[in-house]
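To start, the structure under review is shown below, and the notes come after it.
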Amino acid sequence: MKAFTSTWSAKFLRQYVVFAALSFATFAAACGGGGASNPTPPPPTGNFSNASLKGQYAFFMSGTILTNGGATFFARIGSFTADGNGNITAGLEDVDVVGAPELIQFSPSTYNIQADGRGTVNLTGSGPLTFSVTMLSPTEGLIVETDGGATTSGKFFLQDPNAFANGFNGNYIFDVSGIDFNISAPDSIVGQLVAGSGTLSGVLDENDNANPTGAQALTGSFQIDAANNTNFGRGTISFTAGGTPYHFIYYVVNSSRLCLIEDESFSGALNVGIATSQSSVPTTNATFNGNFAFLTTGSGTAGALTRIGRFTANGSGVLTSVVADTNDNGQTAQVPKGSLSSTTYSIDTNFPGSGRGTLTFSDSSLGTYSFVFYLNSASGGVIQDVTLTNNGGNVGDGFLQLQTGAPFTLAGLAGDYGFNFSGLSSNNNTVATAEEDFVGHMALSSAATNNVSGAVDFSEFSSNQGVFLNVVLSGTGLTIGGDGTSSTGTRNALALKPLTSPSATMNFVPYIVDSQHMFVAGTDSTRVISGVITLQIP
Amino acid sequence: MANDVSLQGSILSYTENSKTPPLGTHVLLQTSSGNVDVHLGDARLLQQAKVSLTQGMSVRFVGQSRVIGKNTVFLARLVQVGSQVVAVRSNHGLPLTPRVERGKAAAKNASASLQGVAR
């Protein structure tokens, strides 16, 4: 769901090349304690430790990397092994920077996890890589590259080696996104994979350059990588849909999840994401009902685009209580602005059991919004923005999740959360607009205001400094509107202030999914950013 | 692209990183029918093409107007300076990502047209 088009300025690139080549060691040392003029977070508290990261973990991430030819979108997936004592003992990744995935073995290195779940993972491949992480639990975490050479966002998951050989079996939905470098335009693919005995079938929707294909049946095969499956869970996938061949590399997390990266050397397109298993998917409009929150990120004709919202599916193909917020490359809007019409959804009976469906709503002031979704259960799945307009269209994708547990209160939500935000920011001092990625820990209290504290690491390539580590997180925090669902149009609000110098508040509109998850999207005009805030379970 | 129009004029100002949405590069263009705010997307595309836009320069844009917030902005797809044409948006209106040389994909598409061809 991460396919922002980076927009570095030439001026910034010149500055950043100098910074990266000459100053990184100096600035990194200065930032280690939060920078000379920045406050340092108090000693972290919590129940995480180095022992929380123990076992084999598969990861996927994408972002922007600086190359000799300039900054470019890139992606990496792979596997690393942590020993629970601060050592990375093995690992392997497929990283695609310039045209084809490169298979790289990791040398032994180190990591550390603090009590609040934040930490650093060092991976040594063809060179040293540094990642800031936040553990959500011992089985899952958030990861951002913070070594100054690249910025990314992604996740990592504890692998089950027992599933490596035969675990890819059954029905899965998948969501991958990136860039079609044949035309330098954003790309998104969502769909269903049905895997068994080396063969694949299913259906997909690709939205490449705002040219959605609609449902395309797929057939193909998958193979384990004989050299790297036993140790890392690696394999390859090939299939054809609508006459178009697709090739992916996968790493098995367990029998319920895979990490995926497209093999650009075949197609010229680079997409990355995950597949998750399906169970009891709705097959009719009647079985898709309830309150749902959604979040998509991608691009529209104006540039980077986020869409976040909620609706109620009534079980008869009608959406009610449709509320949404958009940030269209700095311009925000709220749905409904005018009157709503054509608020409908439909579970696709042409591909029964696929979990595929479509939904749409029209705002008399803002236009028509169109989405395709694939469900992995009645509780949610993945969603793709396929809105077309008079002057083009959108490419975006993300999450769709059942909204449960309302009414939401600060007392009920209080706890420790991990978060990852990704997007673009514009910096007036450097005259640059570029990618930024945040990962951190946020303690939410039940106080009516100033209810957040914590710490964050982030890469912000629109700034001269580039990387910010161990930054205090403050701000007025979370404000809940109404029952917290936003179903009446009364929004929640979230204001976070990383205490850098100078500091700036980041404003978000949060859509609370349940007592453990919030989708958030930035509402500032100087950044287009979004992410998920997840309750930590040490 | 259907509905594309051409806009010819003289550059009044060039802002590589505008504070006004949409984020990115803007040109204020003086045309025979008034001044127009033109959004170009990513300045790196012009840099890579060795095109420098400066005040007073005569330039032609191809694209479409769109209301963004309270403002009407011309979303340029093509920028023409003299005989040189630079694509800054795709044939479906999406801002392009600047290219870096990309291995097999780059070789495969060496003869592709200005806009390239999707997979």
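Here, A, B, ... name the chains of the structure tokens in the order displayed, residue numbers run from 1 inside each chain, and ligands are numbered from 1 in the same displayed order.
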
For chain A versus chain B, which residues have an atom no more than 8 Å away, and what is each residue's nearest atom pair and distance in Å rounded to one decimal, using only C-alpha atoms, chain-then-number order, as CSV?
```
residue,atom,partner,partner_atom,distance
A:Thr5,CA,B:Thr97,CA,5.8
A:Ser6,CA,B:Thr97,CA,6.9
A:Thr7,CA,B:Asp42,CA,4.9
A:Trp8,CA,B:Arg44,CA,6.6
A:Ser9,CA,B:Ala43,CA,5.5
A:Ala10,CA,B:Arg44,CA,5.6
A:Gly69,CA,B:Val100,CA,5.3
A:Gly70,CA,B:Val100,CA,6.3
A:Ala71,CA,B:Val100,CA,7.6
A:Thr72,CA,B:Val100,CA,6.7
A:Val97,CA,B:Arg102,CA,8.0
A:Val98,CA,B:Arg102,CA,4.3
A:Gly99,CA,B:Arg102,CA,4.2
A:Ala100,CA,B:Gly103,CA,6.8
A:Asp180,CA,B:Ala118,CA,6.9
A:Phe181,CA,B:Ala105,CA,7.5
A:Asn182,CA,B:Ala118,CA,5.7
A:Ile183,CA,B:Gly116,CA,4.8
A:Ser184,CA,B:Thr97,CA,5.1
A:Ala185,CA,B:Leu96,CA,5.4
A:Pro186,CA,B:Leu94,CA,7.9
A:Asp208,CA,B:Ala118,CA,7.3
A:Asn209,CA,B:His92,CA,6.3
A:Ala210,CA,B:His92,CA,6.1
A:Asn211,CA,B:His92,CA,7.5
A:Thr244,CA,B:Arg119,CA,7.8
A:Glu264,CA,B:Ala105,CA,7.2
A:Ser265,CA,B:Lys104,CA,5.8
A:Phe266,CA,B:Ala105,CA,7.9
A:Ser267,CA,B:Arg119,CA,6.0
A:Gly268,CA,B:Ala105,CA,4.8
A:Ala269,CA,B:Arg119,CA,7.0
A:Ser299,CA,B:Leu94,CA,7.0
A:Gly300,CA,B:Leu94,CA,6.0
A:Thr301,CA,B:Leu94,CA,4.6
A:Ala302,CA,B:Pro22,CA,5.9
A:Gly303,CA,B:Pro95,CA,5.9
A:Asp328,CA,B:Pro22,CA,7.2
A:Asn329,CA,B:Pro22,CA,4.9
A:Gly330,CA,B:Pro21,CA,5.0
A:Gln331,CA,B:Pro21,CA,5.6
A:Thr332,CA,B:Gly69,CA,7.7
A:Ala333,CA,B:Gly69,CA,7.9
A:Asn390,CA,B:Asn3,CA,7.9
A:Asn391,CA,B:Gly93,CA,6.3
A:Gly392,CA,B:His92,CA,4.6
A:Gly393,CA,B:His92,CA,6.7
A:Asn394,CA,B:Leu94,CA,7.6
A:Ser426,CA,B:Leu23,CA,7.2
A:Asn428,CA,B:Asn17,CA,7.6
A:Val431,CA,B:Asn17,CA,5.4
A:Ala432,CA,B:Asn17,CA,6.0
A:Thr433,CA,B:Gly24,CA,6.7
A:Ser525,CA,B:Pro21,CA,6.7
A:Thr526,CA,B:Lys19,CA,7.0
```

Inset, instruction - Can you list, as a ChimeraX atom specification, all residues belonging to range 12-104 of chain B that DSSP tags as strand (DSSP E or B)? - result: /B:12-15,25-31,34-41,58-68,71-81,84-87,89,95

Any chance you can output those residues with N, CA and C atoms as a short mmCIF file (atom, residue, chain, number, x, y, z; two decimals), in the first residue's frame?
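So the final result, stored in part.cif, reads:
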```cif
data_model
loop_
_atom_site.label_atom_id
_atom_site.label_comp_id
_atom_site.auth_asym_id
_atom_site.auth_seq_id
_atom_site.Cartn_x
_atom_site.Cartn_y
_atom_site.Cartn_z
N LEU B 12 5.88 33.87 -15.54
CA LEU B 12 5.99 34.98 -14.60
C LEU B 12 6.81 34.58 -13.39
N SER B 13 6.64 33.34 -12.95
CA SER B 13 7.44 32.85 -11.83
C SER B 13 7.54 31.33 -11.89
N TYR B 14 8.62 30.82 -11.34
CA TYR B 14 8.85 29.38 -11.27
C TYR B 14 9.15 29.03 -9.81
N THR B 15 8.34 28.16 -9.21
CA THR B 15 8.51 27.79 -7.81
C THR B 15 8.70 26.29 -7.72
N THR B 25 6.23 21.37 -7.96
CA THR B 25 6.69 22.50 -8.76
C THR B 25 5.53 23.21 -9.45
N HIS B 26 5.51 24.52 -9.32
CA HIS B 26 4.47 25.34 -9.95
C HIS B 26 5.11 26.40 -10.86
N VAL B 27 4.39 26.72 -11.91
CA VAL B 27 4.74 27.86 -12.77
C VAL B 27 3.53 28.77 -12.83
N LEU B 28 3.75 30.06 -12.65
CA LEU B 28 2.69 31.03 -12.91
C LEU B 28 2.89 31.51 -14.34
N LEU B 29 1.93 31.20 -15.17
CA LEU B 29 2.08 31.44 -16.61
C LEU B 29 1.18 32.58 -17.04
N GLN B 30 1.77 33.52 -17.76
CA GLN B 30 0.98 34.62 -18.33
C GLN B 30 0.53 34.21 -19.73
N THR B 31 -0.78 34.14 -19.91
CA THR B 31 -1.32 33.77 -21.22
C THR B 31 -2.17 34.92 -21.76
N GLY B 34 -5.11 35.49 -19.48
CA GLY B 34 -4.90 35.71 -18.05
C GLY B 34 -3.80 34.83 -17.50
N ASN B 35 -3.54 34.99 -16.20
CA ASN B 35 -2.48 34.21 -15.56
C ASN B 35 -3.02 32.85 -15.11
N VAL B 36 -2.20 31.82 -15.24
CA VAL B 36 -2.62 30.46 -14.91
C VAL B 36 -1.57 29.82 -14.01
N ASP B 37 -2.06 29.19 -12.92
CA ASP B 37 -1.19 28.41 -12.03
C ASP B 37 -1.02 27.02 -12.63
N VAL B 38 0.19 26.68 -13.01
CA VAL B 38 0.47 25.38 -13.65
C VAL B 38 1.26 24.51 -12.69
N HIS B 39 0.77 23.29 -12.46
CA HIS B 39 1.49 22.35 -11.60
C HIS B 39 2.24 21.35 -12.46
N LEU B 40 3.56 21.20 -12.17
CA LEU B 40 4.40 20.33 -12.99
C LEU B 40 4.74 19.02 -12.32
N GLY B 41 4.49 18.89 -11.01
CA GLY B 41 4.87 17.65 -10.33
C GLY B 41 6.30 17.71 -9.83
N SER B 58 9.35 31.68 -22.86
CA SER B 58 8.14 31.26 -23.55
C SER B 58 8.04 29.74 -23.50
N VAL B 59 6.87 29.24 -23.11
CA VAL B 59 6.74 27.81 -22.90
C VAL B 59 5.32 27.37 -23.25
N ARG B 60 5.19 26.09 -23.62
CA ARG B 60 3.87 25.54 -23.91
C ARG B 60 3.64 24.33 -23.00
N PHE B 61 2.46 24.28 -22.41
CA PHE B 61 2.09 23.13 -21.58
C PHE B 61 0.88 22.44 -22.21
N VAL B 62 0.85 21.12 -22.11
CA VAL B 62 -0.32 20.33 -22.50
C VAL B 62 -0.83 19.62 -21.26
N GLY B 63 -2.11 19.72 -20.99
CA GLY B 63 -2.67 19.08 -19.81
C GLY B 63 -4.11 19.49 -19.62
N GLN B 64 -4.55 19.49 -18.37
CA GLN B 64 -5.95 19.79 -18.08
C GLN B 64 -6.07 20.60 -16.80
N SER B 65 -7.09 21.43 -16.75
CA SER B 65 -7.36 22.21 -15.54
C SER B 65 -8.18 21.39 -14.57
N ARG B 66 -7.94 21.65 -13.29
CA ARG B 66 -8.70 20.96 -12.25
C ARG B 66 -8.86 21.89 -11.06
N VAL B 67 -10.04 21.86 -10.47
CA VAL B 67 -10.26 22.64 -9.25
C VAL B 67 -9.70 21.85 -8.08
N ILE B 68 -8.76 22.46 -7.37
CA ILE B 68 -8.16 21.82 -6.19
C ILE B 68 -8.37 22.77 -5.02
N ASN B 71 -8.91 26.68 -5.60
CA ASN B 71 -8.13 27.18 -6.73
C ASN B 71 -8.26 26.28 -7.95
N THR B 72 -8.16 26.90 -9.10
CA THR B 72 -8.07 26.14 -10.34
C THR B 72 -6.61 26.03 -10.74
N VAL B 73 -6.16 24.82 -10.94
CA VAL B 73 -4.76 24.56 -11.26
C VAL B 73 -4.70 23.79 -12.58
N PHE B 74 -3.78 24.18 -13.43
CA PHE B 74 -3.58 23.46 -14.68
C PHE B 74 -2.54 22.36 -14.42
N LEU B 75 -2.97 21.12 -14.53
CA LEU B 75 -2.08 19.98 -14.29
C LEU B 75 -1.39 19.63 -15.60
N ALA B 76 -0.14 20.04 -15.73
CA ALA B 76 0.58 19.83 -16.99
C ALA B 76 0.97 18.37 -17.17
N ARG B 77 0.82 17.89 -18.38
CA ARG B 77 1.28 16.53 -18.73
C ARG B 77 2.56 16.61 -19.55
N LEU B 78 2.61 17.58 -20.42
CA LEU B 78 3.79 17.79 -21.24
C LEU B 78 4.28 19.23 -21.10
N VAL B 79 5.58 19.40 -21.11
CA VAL B 79 6.21 20.72 -21.07
C VAL B 79 7.03 20.86 -22.35
N GLN B 80 6.77 21.93 -23.10
CA GLN B 80 7.54 22.13 -24.33
C GLN B 80 8.27 23.46 -24.27
N VAL B 81 9.58 23.38 -24.42
CA VAL B 81 10.43 24.58 -24.51
C VAL B 81 11.17 24.48 -25.84
N GLN B 84 11.95 21.01 -27.57
CA GLN B 84 12.11 19.93 -26.59
C GLN B 84 10.82 19.73 -25.80
N VAL B 85 10.37 18.49 -25.72
CA VAL B 85 9.14 18.14 -25.00
C VAL B 85 9.50 17.19 -23.85
N VAL B 86 9.04 17.53 -22.67
CA VAL B 86 9.28 16.69 -21.49
C VAL B 86 7.94 16.25 -20.92
N ALA B 87 7.78 14.93 -20.72
CA ALA B 87 6.56 14.42 -20.08
C ALA B 87 6.73 14.48 -18.57
N ARG B 89 3.63 14.04 -16.65
CA ARG B 89 2.54 13.17 -16.22
C ARG B 89 2.33 12.09 -17.27
N PRO B 95 1.30 11.96 -12.06
CA PRO B 95 2.68 12.48 -12.04
C PRO B 95 3.69 11.34 -12.20
#
```

Legend entry - Residue nearest Asn285 in chain A among A:Tyr251, A:Leu359, A:Phe157, A:Cys259 (counting only C-alpha atoms): A:Leu359

Inset, instruction - Calculate how many Å separate CA of Pro108 in chain A from CA of Phe48 in chain A, rounding to one decimal. - result: 22.5 Å

Inset, instruction - State, in Å with one decimal place, the distance from CA of Ser62 in chain A to CA of Ser126 in chain A. - result: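 CA of Ser62 in chain A sits 18.0 Å away from CA of Ser126 in chain A.
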
Legend entry - Contacts of Ala226 in chain A at 10 Å (only C-alpha atoms; same-chain gap of 6+ positions) as a list in words: Ala165, Gly233, Arg234 and Gly235 of chain A

Legend entry - helix (DSSP H, G or I) call set, DSSP backbone run, range 4-75 of chain B, as a list in words: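 In range 4-75 of chain B, DSSP puts these residues in helix (DSSP H, G or I): Ala43, Arg44, Leu45, Leu46, Gln47 and Gln48 of chain B.
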
Using only C-alpha atoms, please write the residues we just selected to a file, as a tab-separated table (two decimals), in the first residue's frame.
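Dumped everything to part26.tsv:
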```
chain	number	residue	atom	x	y	z
B	43	ALA	CA	11.20	19.08	-10.64
B	44	ARG	CA	13.67	16.23	-11.13
B	45	LEU	CA	12.01	15.34	-14.42
B	46	LEU	CA	12.96	18.74	-15.82
B	47	GLN	CA	16.43	18.49	-14.30
B	48	GLN	CA	17.00	15.10	-15.91
```

Inset, instruction - Using only C-alpha atoms, determine which residues lie at most 8 Å from Leu496 in chain A, disregarding the query and same-chain residues fewer than 5 positions distant; provide the list as a list of chain:residue names. - result: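 The residues that qualify are A:Val452, A:Leu473, A:Ser474, A:Gly475, A:Thr476, A:Gly477, A:Thr505, A:Met506, A:Asn507.
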
Inset, instruction - Give me, please, the distance in Å between CA of Gln384 in chain A and CA of Leu305 in chain A, quoted to one decimal. - result: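 Straight-line distance from CA of Gln384 in chain A to CA of Leu305 in chain A works out to 12.6 Å.
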
Legend entry - Test item: residues at most 8 Å from Thr240 in chain A, only C-alpha atoms, excluding those fewer than 3 positions along its chain, as a list in words: Leu218, Thr219, Gly220, Gly243, Thr244, Pro245 and Tyr246 of chain A

Inset, instruction - Extract, using only C-alpha atoms, all DNA, RNA and protein residues at most 12 Å from Val253 in chain A, discarding same-chain residues fewer than 4 positions from it, and format them as a PyMOL selection string. - result: chain A and resi 55-60+77-80+139-140+155-168+229+232-235+257-260+274-277
